[in-house]
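Note: the block below is my_file_5.txt and it holds compact mmCIF, C-alpha atoms (C1' of nucleotides).
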```txt
# COMPACT_ATOMS: atom_id res chain seq x y z
CA MET F 194 -34.45 184.27 73.64
CA ALA F 195 -37.18 183.83 76.22
CA SER F 196 -39.73 185.88 74.33
CA GLY F 197 -40.06 183.18 71.76
CA THR F 198 -40.81 180.33 74.09
CA ILE F 199 -44.43 181.07 74.84
CA ALA F 200 -45.97 181.03 71.43
CA PHE F 201 -44.66 177.63 70.44
CA GLU F 202 -46.44 176.18 73.44
CA SER F 203 -49.75 175.23 71.96
CA HIS F 204 -51.72 175.05 75.19
CA HIS F 205 -51.06 178.34 76.91
CA ASP F 206 -53.84 180.71 77.92
CA HIS F 207 -53.89 183.02 74.97
CA ASN F 208 -56.68 185.18 76.32
CA GLN F 209 -54.34 186.17 79.06
CA CYS F 210 -51.67 186.99 76.50
CA ILE F 211 -54.12 189.26 74.77
CA GLU F 212 -55.30 191.00 77.89
CA GLN F 213 -51.77 191.60 79.02
CA ALA F 214 -50.82 192.99 75.64
CA MET F 215 -53.82 195.29 75.61
CA ASP F 216 -53.06 196.58 79.10
CA GLU F 217 -49.49 197.19 78.15
CA ALA F 218 -50.56 199.03 75.02
CA ARG F 219 -52.96 201.23 76.92
CA SER F 220 -50.44 202.26 79.51
CA LEU F 221 -47.72 202.79 76.92
CA CYS F 222 -49.90 205.06 74.84
CA LYS F 223 -51.01 206.96 77.91
CA ALA F 224 -47.42 207.49 78.99
CA ARG F 225 -46.55 208.75 75.54
CA ASN F 226 -49.63 210.93 75.18
CA GLN F 227 -50.77 208.96 72.18
CA ARG F 228 -54.40 208.15 71.55
CA LEU F 229 -55.30 204.49 71.44
CA THR F 230 -58.67 205.11 69.83
CA PRO F 231 -61.40 202.43 69.61
CA ILE F 232 -60.42 201.51 66.07
CA ARG F 233 -56.76 201.22 66.93
CA GLU F 234 -57.53 199.21 70.02
CA LEU F 235 -59.76 196.84 68.09
CA VAL F 236 -57.18 196.34 65.36
CA LEU F 237 -54.54 195.60 67.94
CA LYS F 238 -56.79 193.08 69.62
CA LEU F 239 -57.61 191.37 66.34
CA VAL F 240 -53.96 191.09 65.49
CA TRP F 241 -53.24 189.63 68.89
CA GLN F 242 -56.06 187.12 68.68
CA SER F 243 -54.17 185.36 65.94
CA HIS F 244 -50.87 183.61 66.42
CA LYS F 245 -50.61 183.66 62.69
CA PRO F 246 -49.63 186.96 61.11
CA LEU F 247 -52.75 188.68 59.85
CA GLY F 248 -53.15 190.39 56.50
CA ALA F 249 -54.69 193.85 56.46
CA TYR F 250 -57.63 192.62 54.43
CA GLU F 251 -58.33 189.86 56.93
CA ILE F 252 -58.91 192.55 59.53
CA LEU F 253 -61.45 194.53 57.54
CA PRO F 254 -64.50 192.26 57.98
CA ALA F 255 -64.13 192.31 61.76
CA LEU F 256 -64.02 196.10 61.69
CA ALA F 257 -67.21 196.12 59.67
CA GLU F 258 -68.87 193.77 62.14
CA ALA F 259 -67.95 196.09 64.97
CA GLY F 260 -69.79 198.86 63.18
CA PHE F 261 -66.83 200.79 61.91
CA ASN F 262 -66.16 201.94 58.44
CA SER F 263 -64.16 199.23 56.81
CA ALA F 264 -62.31 200.62 53.84
CA PRO F 265 -58.63 199.78 53.49
CA PRO F 266 -57.31 203.16 54.62
CA THR F 267 -58.96 202.68 57.98
CA VAL F 268 -57.08 199.52 58.79
CA TYR F 269 -53.81 200.70 57.27
CA ARG F 270 -53.92 203.89 59.33
CA ALA F 271 -54.47 201.91 62.48
CA LEU F 272 -51.67 199.52 61.58
CA ASP F 273 -49.33 202.43 60.80
CA PHE F 274 -50.02 203.92 64.19
CA LEU F 275 -49.53 200.62 65.97
CA GLN F 276 -46.27 200.06 64.13
CA GLU F 277 -45.01 203.51 65.03
CA GLN F 278 -45.75 202.75 68.65
CA GLY F 279 -43.95 199.44 68.35
CA LEU F 280 -47.10 197.51 69.25
CA VAL F 281 -47.27 195.64 65.97
CA HIS F 282 -44.71 194.47 63.44
CA ARG F 283 -45.04 193.92 59.73
CA ILE F 284 -43.60 190.73 58.30
CA ALA F 285 -42.42 191.61 54.82
CA LEU F 286 -42.23 188.05 53.53
CA LEU F 287 -45.93 187.57 54.28
CA ASN F 288 -47.38 191.06 53.85
CA ALA F 289 -48.88 190.50 57.25
CA PHE F 290 -48.91 191.90 60.76
CA ILE F 291 -48.33 190.47 64.20
CA GLY F 292 -48.43 191.78 67.75
CA CYS F 293 -45.18 192.64 69.46
CA PRO F 294 -44.78 190.68 72.69
CA HIS F 295 -42.56 193.25 74.36
CA PRO F 296 -43.35 196.74 73.19
CA GLY F 297 -41.58 199.57 74.89
CA LYS F 298 -38.34 197.74 75.28
CA SER F 299 -36.04 198.40 72.38
CA HIS F 300 -36.76 195.41 70.22
CA HIS F 301 -34.15 193.51 68.31
CA GLY F 302 -36.40 190.77 67.13
CA CYS F 303 -36.37 188.32 64.29
CA PHE F 304 -39.37 186.31 63.19
CA LEU F 305 -39.47 182.54 63.06
CA ILE F 306 -42.20 181.64 60.62
CA CYS F 307 -43.45 178.08 60.30
CA ARG F 308 -44.16 177.07 56.72
CA HIS F 309 -46.67 174.45 57.81
CA CYS F 310 -48.90 176.13 60.39
CA ASN F 311 -47.99 179.75 59.58
CA THR F 312 -47.33 180.50 63.21
CA ALA F 313 -44.82 183.27 63.65
CA VAL F 314 -42.82 183.95 66.76
CA GLU F 315 -40.64 186.88 67.60
CA ALA F 316 -37.29 185.88 68.97
CA ASP F 317 -34.45 187.97 70.25
CA SER F 318 -31.74 188.63 67.71
CA ARG F 319 -29.64 191.19 69.50
CA ASP F 320 -26.38 189.36 68.89
CA ALA F 321 -27.01 188.65 65.24
CA GLU F 322 -28.05 192.23 64.63
CA ALA F 323 -24.96 193.54 66.32
CA LEU F 324 -22.86 191.29 64.14
CA ILE F 325 -24.55 192.49 60.98
CA SER F 326 -24.30 196.17 61.90
CA GLN F 327 -20.66 195.66 62.62
CA GLN F 328 -20.02 193.95 59.28
CA ALA F 329 -22.01 196.60 57.47
CA SER F 330 -20.02 199.39 59.04
CA LYS F 331 -16.85 197.84 57.65
CA LEU F 332 -18.34 198.64 54.24
CA GLY F 333 -19.10 202.18 55.34
CA PHE F 334 -22.78 201.43 55.66
CA THR F 335 -24.69 202.83 58.62
CA THR F 336 -27.45 200.57 59.83
CA GLU F 337 -30.74 202.16 60.80
CA GLN F 338 -33.18 199.28 60.79
CA GLN F 339 -32.98 195.53 60.32
CA SER F 340 -35.47 192.98 59.14
CA ILE F 341 -34.64 189.37 59.88
CA GLU F 342 -37.22 186.79 58.88
CA VAL F 343 -36.68 183.06 59.06
CA LEU F 344 -38.75 180.41 57.30
CA GLY F 345 -38.73 176.88 58.61
CA CYS F 346 -40.55 174.33 60.71
CA CYS F 347 -41.78 174.92 64.25
CA PRO F 348 -41.48 172.29 67.00
CA ASN F 349 -45.18 171.41 66.94
CA CYS F 350 -45.26 170.71 63.24
CA ARG F 351 -42.01 168.78 63.38
CA GLU F 352 -43.46 166.58 66.09
CA HIS F 353 -46.64 165.85 64.20
CA SER F 354 -44.83 164.97 61.00
CA GLU F 355 -42.66 162.33 62.66
CA MET V 117 -17.60 190.46 53.06
CA ALA V 118 -15.77 191.19 49.85
CA SER V 119 -18.82 190.83 47.65
CA GLY V 120 -20.22 194.04 49.02
CA THR V 121 -17.29 196.22 48.33
CA ILE V 122 -17.71 196.68 44.62
CA ALA V 123 -21.17 198.16 44.38
CA PHE V 124 -20.56 200.99 46.82
CA GLU V 125 -17.71 202.16 44.61
CA SER V 126 -19.50 204.60 42.40
CA HIS V 127 -16.95 204.66 39.59
CA HIS V 128 -16.41 201.03 38.71
CA ASP V 129 -16.98 199.68 35.21
CA HIS V 130 -20.46 198.39 35.55
CA ASN V 131 -20.65 197.13 31.97
CA GLN V 132 -17.99 194.69 32.90
CA CYS V 133 -19.98 193.62 35.95
CA ILE V 134 -22.93 192.94 33.72
CA GLU V 135 -20.97 191.00 31.13
CA GLN V 136 -19.36 188.88 33.76
CA ALA V 137 -22.70 188.15 35.38
CA MET V 138 -24.23 187.21 32.04
CA ASP V 139 -21.36 184.89 31.20
CA GLU V 140 -21.63 183.27 34.58
CA ALA V 141 -25.37 182.82 34.15
CA ARG V 142 -24.98 181.27 30.73
CA SER V 143 -22.43 178.74 31.87
CA LEU V 144 -24.35 177.93 35.03
CA CYS V 145 -27.54 177.24 33.13
CA LYS V 146 -25.68 175.20 30.58
CA ALA V 147 -24.10 173.09 33.29
CA ARG V 148 -27.48 172.53 34.89
CA ASN V 149 -29.28 171.83 31.64
CA GLN V 150 -31.53 174.79 32.16
CA ARG V 151 -32.66 177.01 29.34
CA LEU V 152 -31.63 180.64 29.59
CA THR V 153 -34.08 181.77 26.93
CA PRO V 154 -33.94 185.22 25.27
CA ILE V 155 -36.59 186.60 27.61
CA ARG V 156 -34.88 185.28 30.69
CA GLU V 157 -31.54 186.56 29.50
CA LEU V 158 -32.96 189.99 28.80
CA VAL V 159 -34.65 190.19 32.18
CA LEU V 160 -31.45 189.20 33.91
CA LYS V 161 -29.54 191.85 31.99
CA LEU V 162 -32.09 194.52 32.82
CA VAL V 163 -31.92 193.64 36.49
CA TRP V 164 -28.16 193.80 36.41
CA GLN V 165 -28.09 197.13 34.62
CA SER V 166 -29.51 198.72 37.72
CA HIS V 167 -27.72 198.91 41.03
CA LYS V 168 -31.06 199.75 42.49
CA PRO V 169 -33.43 196.85 43.00
CA LEU V 170 -35.89 196.80 40.13
CA GLY V 171 -39.62 196.28 40.42
CA ALA V 172 -41.24 193.78 38.09
CA TYR V 173 -43.30 196.50 36.47
CA GLU V 174 -40.22 198.56 35.76
CA ILE V 175 -38.95 195.73 33.62
CA LEU V 176 -42.03 195.41 31.45
CA PRO V 177 -41.54 198.44 29.19
CA ALA V 178 -38.06 197.28 28.24
CA LEU V 179 -39.44 193.89 27.32
CA ALA V 180 -42.00 195.56 25.12
CA GLU V 181 -39.30 197.64 23.44
CA ALA V 182 -37.37 194.49 22.67
CA GLY V 183 -40.39 193.16 20.85
CA PHE V 184 -41.56 190.68 23.43
CA ASN V 185 -44.96 190.30 24.88
CA SER V 186 -45.03 192.40 27.96
CA ALA V 187 -47.77 191.25 30.25
CA PRO V 188 -46.95 190.76 33.92
CA PRO V 189 -46.83 186.95 33.81
CA THR V 190 -43.99 187.12 31.33
CA VAL V 191 -41.70 189.02 33.61
CA TYR V 192 -42.75 187.16 36.75
CA ARG V 193 -42.06 183.82 35.09
CA ALA V 194 -38.63 184.96 34.07
CA LEU V 195 -37.93 186.28 37.55
CA ASP V 196 -39.15 183.03 39.10
CA PHE V 197 -36.78 181.08 36.93
CA LEU V 198 -33.88 183.37 37.70
CA GLN V 199 -34.59 183.14 41.41
CA GLU V 200 -34.73 179.36 41.29
CA GLN V 201 -31.35 179.38 39.61
CA GLY V 202 -30.02 181.76 42.24
CA LEU V 203 -29.24 184.39 39.65
CA VAL V 204 -31.56 186.97 41.09
CA HIS V 205 -32.86 187.74 44.58
CA ARG V 206 -36.08 189.31 45.68
CA ILE V 207 -35.92 192.00 48.33
CA ALA V 208 -39.10 191.68 50.34
CA LEU V 209 -38.96 195.13 51.91
CA LEU V 210 -38.97 196.70 48.45
CA ASN V 211 -40.94 194.24 46.34
CA ALA V 212 -37.99 194.42 43.99
CA PHE V 213 -35.33 192.27 42.40
CA ILE V 214 -31.58 192.45 42.16
CA GLY V 215 -28.86 190.40 40.52
CA CYS V 216 -26.87 187.98 42.63
CA PRO V 217 -23.15 188.74 42.42
CA HIS V 218 -22.06 185.18 43.18
CA PRO V 219 -24.56 182.67 41.90
CA GLY V 220 -23.65 179.05 42.16
CA LYS V 221 -21.89 179.41 45.44
CA SER V 222 -24.19 178.75 48.32
CA HIS V 223 -25.29 182.24 49.21
CA HIS V 224 -25.73 183.47 52.75
CA GLY V 225 -26.33 187.04 51.85
CA CYS V 226 -27.99 189.96 53.49
CA PHE V 227 -28.96 193.15 51.71
CA LEU V 228 -27.75 196.58 52.68
CA ILE V 229 -30.25 199.03 51.28
CA CYS V 230 -29.56 202.75 51.23
CA ARG V 231 -32.60 204.83 52.08
CA HIS V 232 -31.27 207.82 50.17
CA CYS V 233 -30.05 206.48 46.82
CA ASN V 234 -31.85 203.12 46.94
CA THR V 235 -28.70 201.26 46.11
CA ALA V 236 -28.71 197.73 47.47
CA VAL V 237 -25.67 195.59 48.03
CA GLU V 238 -25.48 191.94 48.93
CA ALA V 239 -23.10 191.26 51.76
CA ASP V 240 -22.04 188.01 53.30
CA SER V 241 -23.96 187.09 56.43
CA ARG V 242 -22.79 183.56 57.03
CA ASP V 243 -21.91 184.16 60.66
CA ALA V 244 -25.09 185.98 61.54
CA GLU V 245 -27.20 183.34 59.85
CA ALA V 246 -25.42 180.59 61.73
CA LEU V 247 -26.06 182.42 64.96
CA ILE V 248 -29.74 182.81 64.20
CA SER V 249 -30.19 179.18 63.16
CA GLN V 250 -28.52 178.14 66.33
CA GLN V 251 -30.75 180.33 68.49
CA ALA V 252 -33.82 179.17 66.62
CA SER V 253 -32.95 175.53 67.16
CA LYS V 254 -32.90 176.18 70.89
CA LEU V 255 -36.60 176.91 70.50
CA GLY V 256 -37.08 173.74 68.52
CA PHE V 257 -37.39 175.64 65.28
CA THR V 258 -35.70 174.26 62.18
CA THR V 259 -34.41 176.96 59.87
CA GLU V 260 -34.88 176.46 56.15
CA GLN V 261 -34.43 179.91 54.70
CA GLN V 262 -33.43 183.31 56.00
CA SER V 263 -34.11 186.81 54.82
CA ILE V 264 -31.95 189.54 56.28
CA GLU V 265 -32.51 193.04 54.97
CA VAL V 266 -30.90 196.14 56.41
CA LEU V 267 -32.01 199.72 55.85
CA GLY V 268 -29.55 202.53 56.38
CA CYS V 269 -27.19 204.94 54.73
CA CYS V 270 -24.50 203.94 52.25
CA PRO V 271 -21.00 205.48 52.31
CA ASN V 272 -21.60 207.63 49.25
CA CYS V 273 -24.71 209.25 50.60
CA ARG V 274 -23.14 209.72 53.99
CA GLU V 275 -20.25 211.54 52.37
CA HIS V 276 -22.46 213.84 50.35
CA SER V 277 -24.62 214.79 53.26
CA GLU V 278 -21.69 215.97 55.38
C1' DA W 284 -68.47 228.58 76.30
C1' DA W 285 -66.59 229.94 71.76
C1' DA W 286 -62.81 230.01 68.71
C1' DT W 287 -58.98 227.69 66.92
C1' DG W 288 -55.79 224.38 65.43
C1' DT W 289 -54.80 219.58 65.24
C1' DT W 290 -55.63 214.86 64.86
C1' DC W 291 -58.46 211.28 63.36
C1' DC W 292 -61.89 209.16 60.43
C1' DG W 293 -65.15 208.36 56.25
C1' DT W 294 -65.19 208.00 51.49
C1' DT W 295 -63.96 207.46 46.74
C1' DA W 296 -60.77 206.44 43.63
C1' DT W 297 -56.71 204.47 42.06
C1' DA W 298 -51.93 202.67 42.08
C1' DC W 299 -49.02 198.90 42.66
C1' DT W 300 -47.84 193.87 43.04
C1' DA W 301 -48.73 189.19 41.76
C1' DT W 302 -51.10 184.99 40.08
C1' DA W 303 -54.82 181.85 37.73
C1' DA W 304 -56.08 179.59 33.77
C1' DC W 305 -55.91 178.07 29.22
C1' DA W 306 -54.34 177.99 24.47
C1' DA W 307 -50.60 178.25 21.19
C1' DA W 308 -45.78 177.84 20.04
C1' DC W 309 -41.53 175.69 20.68
C1' DC W 310 -38.17 172.16 21.62
C1' DA W 311 -36.07 167.72 22.52
C1' DA W 312 -35.96 162.95 22.33
C1' DA W 313 -37.82 158.61 20.89
C1' DT J 76 -42.59 162.87 12.86
C1' DT J 77 -45.02 161.94 16.61
C1' DT J 78 -45.02 162.52 21.32
C1' DG J 79 -44.48 164.78 25.65
C1' DG J 80 -42.72 168.41 28.20
C1' DT J 81 -41.47 173.24 28.61
C1' DT J 82 -42.01 177.97 27.48
C1' DT J 83 -44.67 181.83 25.98
C1' DG J 84 -48.98 184.70 24.73
C1' DT J 85 -53.20 186.33 26.39
C1' DT J 86 -56.99 187.67 29.22
C1' DA J 87 -58.71 188.20 33.47
C1' DT J 88 -58.54 188.79 38.23
C1' DA J 89 -56.72 188.56 43.00
C1' DG J 90 -54.23 190.77 46.58
C1' DT J 91 -51.78 194.73 48.78
C1' DA J 92 -51.41 199.62 49.63
C1' DT J 93 -51.90 204.69 49.17
C1' DA J 94 -53.63 209.50 47.42
C1' DA J 95 -56.65 213.06 48.18
C1' DC J 96 -60.17 215.63 50.27
C1' DG J 97 -63.92 216.80 53.30
C1' DG J 98 -65.95 216.34 57.71
C1' DA J 99 -66.00 214.93 62.64
C1' DA J 100 -63.92 214.71 67.07
C1' DC J 101 -60.75 216.39 70.31
C1' DA J 102 -57.61 219.49 73.04
C1' DT J 103 -56.27 224.08 74.13
C1' DT J 104 -56.53 228.78 74.55
C1' DT J 105 -59.11 232.77 75.04
```

Structure translated into structure tokens:
Amino acid sequence: MASGTIAFESHHDHNQCIEQAMDEARSLCKARNQRLTPIRELVLKLVWQSHKPLGAYEILPALAEAGFNSAPPTVYRALDFLQEQGLVHRIALLNAFIGCPHPGKSHHGCFLICRHCNTAVEADSRDAEALISQQASKLGFTTEQQSIEVLGCCPNCREHSE
Amino acid sequence: MASGTIAFESHHDHNQCIEQAMDEARSLCKARNQRLTPIRELVLKLVWQSHKPLGAYEILPALAEAGFNSAPPTVYRALDFLQEQGLVHRIALLNAFIGCPHPGKSHHGCFLICRHCNTAVEADSRDAEALISQQASKLGFTTEQQSIEVLGCCPNCREHSE
DNA sequence: AAATGTTCCGTTATACTATAACAAACCAAA
DNA sequence: TTTGGTTTGTTATAGTATAACGGAACATTT
């Protein structure tokens, strides 16, 4: 569950996180022959700049500032693309989007969402997902995609409330 | 995982399901000193009459037919109440609501949602949830609530597509 | 370089989901 | 029967997401 450890550390160098994520995205898209256009790249960067999941409409003003058209379809198209490429995930409980810390690798991630600071962290959930798929198949149900989202209290907020 | 077995059986007596659920709801509310008003009762019945998760706006016309006011707040209030009482669950991936087959008991349920027929079934996920809570606590995260939703193909649809 | 087909973007409109706020009706208990 | 709390009616609006269509940009072939 190593992927989750970084984001709960409040003092890490997040700019480096972002740069690394952007580099990874660029090389992934190149390898797949997919076009990471300026809009898509900007949207990805904006999503990454926030540890908190970002709503689509929170992204629009920044697009406008950067001189792009900023109607909803623009940002939703970019987000759709980024999701298809596994670079961004949608958190259904929040109607919001967050960068994927390990795109490329097949991701079995769940989201740990803090109710107090809204931080969300992706954690590995391979074992739990396997368990669920297995249980589902006993009912004759074939699993194609899982969404595991956990609400609770992150270590930083717990500390500060004590 | 017995709770899941019924709904994937296409030929069960669903009227009986509904009646049982309504009886259970009535006695639960009575025991808790909560008021299962006509509107709330009707909304619960409507949700139960569908094996497919029902959107709030799909419920409104039926409320109107029954002579009630049918503005959105009416149905959302009823759904809020029913959720608080554990009689109904919201499925975040679908923005839709479905009756809980075992209210009262502490529910650790995940939803198996068929992409083809939209049927959704609540299945026990106690073990998976325990696993996730445990993993989360290793990151210092305290779990308060989990949402596990699975997309896939139900046994009926699988059969018909072969 | 021109033609062609495809992908991406701009734009307008609209659908879908959910809540705020306040007044009126209802109910239960003193 | 007054009082206080809960539920409902009503209007308005906030928030989330997509349809549809034309035009621009790009890649590929000729």

- Provide the CA of Ser143 (chain V) to CA of Glu265 (chain V) distance in Å, to one decimal place. 29.0 Å

- Query: Could you write out as a PyMOL selection string the residues of chain V within 10 Å of chain F, counting only C-alpha atoms?
  - Reply: chain V and resi 117-118+120-122+124+207-211+226-231+239-249+251-275

Output C-alpha atoms of each residue in that selection to a file, as an mmCIF file, keeping the file's coordinate frame.
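File part.cif, as written:
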```
data_model
loop_
_atom_site.group_PDB
_atom_site.id
_atom_site.type_symbol
_atom_site.label_atom_id
_atom_site.label_comp_id
_atom_site.auth_asym_id
_atom_site.auth_seq_id
_atom_site.Cartn_x
_atom_site.Cartn_y
_atom_site.Cartn_z
ATOM 1 C CA MET V 117 -17.600 190.460 53.060
ATOM 2 C CA ALA V 118 -15.770 191.190 49.850
ATOM 3 C CA GLY V 120 -20.220 194.040 49.020
ATOM 4 C CA THR V 121 -17.290 196.220 48.330
ATOM 5 C CA ILE V 122 -17.710 196.680 44.620
ATOM 6 C CA PHE V 124 -20.560 200.990 46.820
ATOM 7 C CA ILE V 207 -35.920 192.000 48.330
ATOM 8 C CA ALA V 208 -39.100 191.680 50.340
ATOM 9 C CA LEU V 209 -38.960 195.130 51.910
ATOM 10 C CA LEU V 210 -38.970 196.700 48.450
ATOM 11 C CA ASN V 211 -40.940 194.240 46.340
ATOM 12 C CA CYS V 226 -27.990 189.960 53.490
ATOM 13 C CA PHE V 227 -28.960 193.150 51.710
ATOM 14 C CA LEU V 228 -27.750 196.580 52.680
ATOM 15 C CA ILE V 229 -30.250 199.030 51.280
ATOM 16 C CA CYS V 230 -29.560 202.750 51.230
ATOM 17 C CA ARG V 231 -32.600 204.830 52.080
ATOM 18 C CA ALA V 239 -23.100 191.260 51.760
ATOM 19 C CA ASP V 240 -22.040 188.010 53.300
ATOM 20 C CA SER V 241 -23.960 187.090 56.430
ATOM 21 C CA ARG V 242 -22.790 183.560 57.030
ATOM 22 C CA ASP V 243 -21.910 184.160 60.660
ATOM 23 C CA ALA V 244 -25.090 185.980 61.540
ATOM 24 C CA GLU V 245 -27.200 183.340 59.850
ATOM 25 C CA ALA V 246 -25.420 180.590 61.730
ATOM 26 C CA LEU V 247 -26.060 182.420 64.960
ATOM 27 C CA ILE V 248 -29.740 182.810 64.200
ATOM 28 C CA SER V 249 -30.190 179.180 63.160
ATOM 29 C CA GLN V 251 -30.750 180.330 68.490
ATOM 30 C CA ALA V 252 -33.820 179.170 66.620
ATOM 31 C CA SER V 253 -32.950 175.530 67.160
ATOM 32 C CA LYS V 254 -32.900 176.180 70.890
ATOM 33 C CA LEU V 255 -36.600 176.910 70.500
ATOM 34 C CA GLY V 256 -37.080 173.740 68.520
ATOM 35 C CA PHE V 257 -37.390 175.640 65.280
ATOM 36 C CA THR V 258 -35.700 174.260 62.180
ATOM 37 C CA THR V 259 -34.410 176.960 59.870
ATOM 38 C CA GLU V 260 -34.880 176.460 56.150
ATOM 39 C CA GLN V 261 -34.430 179.910 54.700
ATOM 40 C CA GLN V 262 -33.430 183.310 56.000
ATOM 41 C CA SER V 263 -34.110 186.810 54.820
ATOM 42 C CA ILE V 264 -31.950 189.540 56.280
ATOM 43 C CA GLU V 265 -32.510 193.040 54.970
ATOM 44 C CA VAL V 266 -30.900 196.140 56.410
ATOM 45 C CA LEU V 267 -32.010 199.720 55.850
ATOM 46 C CA GLY V 268 -29.550 202.530 56.380
ATOM 47 C CA CYS V 269 -27.190 204.940 54.730
ATOM 48 C CA CYS V 270 -24.500 203.940 52.250
ATOM 49 C CA PRO V 271 -21.000 205.480 52.310
ATOM 50 C CA ASN V 272 -21.600 207.630 49.250
ATOM 51 C CA CYS V 273 -24.710 209.250 50.600
ATOM 52 C CA ARG V 274 -23.140 209.720 53.990
ATOM 53 C CA GLU V 275 -20.250 211.540 52.370
#
```

- Task: Could you tell me which of V:Ala178, V:Lys146, V:Pro188, V:Ser126 comes closest to chain J if we count all atoms listed in the file?
- Result: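 Among the listed residues, V:Pro188 lies closest to chain J.
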
- Message: Can you tell me which residues surround DT88 (chain J) at a distance of at most 12 Å, considering all atoms listed in the file, apart from same-chain residues fewer than 6 positions away, and format the answer as a list in words?
- Response: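 The contact residues come out as DA301, DT302, DA303 and DA304 of chain W.
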
- Counting all atoms listed in the file, chain V residues within 9 Å of chain J, as an NGL selection string: :V and (153 or 185 or 187 or 190)

Tell me, counting all atoms listed in the file, for each residue of chain W within 12 Å of chain F, which pair of atoms is nearest and how far apart they are in Å to one decimal, in rows ordered by chain and increasing number, as a tab-separated table.
```
residue	atom	partner	partner_atom	distance
W:DT290	C1'	F:Arg228	CA	9.6
W:DC291	C1'	F:Thr230	CA	8.9
W:DC292	C1'	F:Thr267	CA	7.5
W:DG293	C1'	F:Asn262	CA	6.9
W:DT294	C1'	F:Ala264	CA	8.3
W:DT295	C1'	F:Ala264	CA	10.0
W:DA296	C1'	F:Ala264	CA	11.9
W:DT300	C1'	F:Asn288	CA	11.2
```

- Interatomic distance, CA of Glu251 (chain F) to CA of Glu277 (chain F) (Å, one decimal):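 Here the two named atoms are 20.7 Å from each other.
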
Please fill the gaps in region 132-146 of chain V so it has N, CA and C atoms, and write that as a tab-separated table (two decimals), keeping the file's coordinate frame.
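What ended up in result35.tsv:
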```tsv
chain	number	residue	atom	x	y	z
V	132	GLN	N	-18.76	195.91	32.71
V	132	GLN	CA	-17.99	194.69	32.90
V	132	GLN	C	-18.67	193.77	33.92
V	133	CYS	N	-19.19	194.37	34.98
V	133	CYS	CA	-19.98	193.62	35.95
V	133	CYS	C	-21.07	192.83	35.23
V	134	ILE	N	-21.79	193.55	34.39
V	134	ILE	CA	-22.93	192.94	33.72
V	134	ILE	C	-22.47	191.78	32.84
V	135	GLU	N	-21.44	192.04	32.05
V	135	GLU	CA	-20.97	191.00	31.13
V	135	GLU	C	-20.52	189.75	31.89
V	136	GLN	N	-19.83	190.01	32.96
V	136	GLN	CA	-19.36	188.88	33.76
V	136	GLN	C	-20.54	188.08	34.33
V	137	ALA	N	-21.52	188.82	34.82
V	137	ALA	CA	-22.70	188.15	35.38
V	137	ALA	C	-23.43	187.35	34.31
V	138	MET	N	-23.52	187.91	33.11
V	138	MET	CA	-24.23	187.21	32.04
V	138	MET	C	-23.47	185.95	31.64
V	139	ASP	N	-22.17	186.06	31.54
V	139	ASP	CA	-21.36	184.89	31.20
V	139	ASP	C	-21.54	183.79	32.24
V	140	GLU	N	-21.49	184.23	33.49
V	140	GLU	CA	-21.63	183.27	34.58
V	140	GLU	C	-23.00	182.58	34.52
V	141	ALA	N	-24.02	183.37	34.24
V	141	ALA	CA	-25.37	182.82	34.15
V	141	ALA	C	-25.47	181.81	33.02
V	142	ARG	N	-24.91	182.18	31.88
V	142	ARG	CA	-24.98	181.27	30.73
V	142	ARG	C	-24.31	179.94	31.04
V	143	SER	N	-23.14	180.01	31.63
V	143	SER	CA	-22.43	178.74	31.87
V	143	SER	C	-23.10	177.94	32.99
V	144	LEU	N	-23.64	178.63	33.96
V	144	LEU	CA	-24.35	177.93	35.03
V	144	LEU	C	-25.57	177.19	34.49
V	145	CYS	N	-26.33	177.86	33.68
V	145	CYS	CA	-27.54	177.24	33.13
V	145	CYS	C	-27.17	176.06	32.23
V	146	LYS	N	-26.13	176.27	31.45
V	146	LYS	CA	-25.68	175.20	30.58
V	146	LYS	C	-25.31	173.97	31.41
```
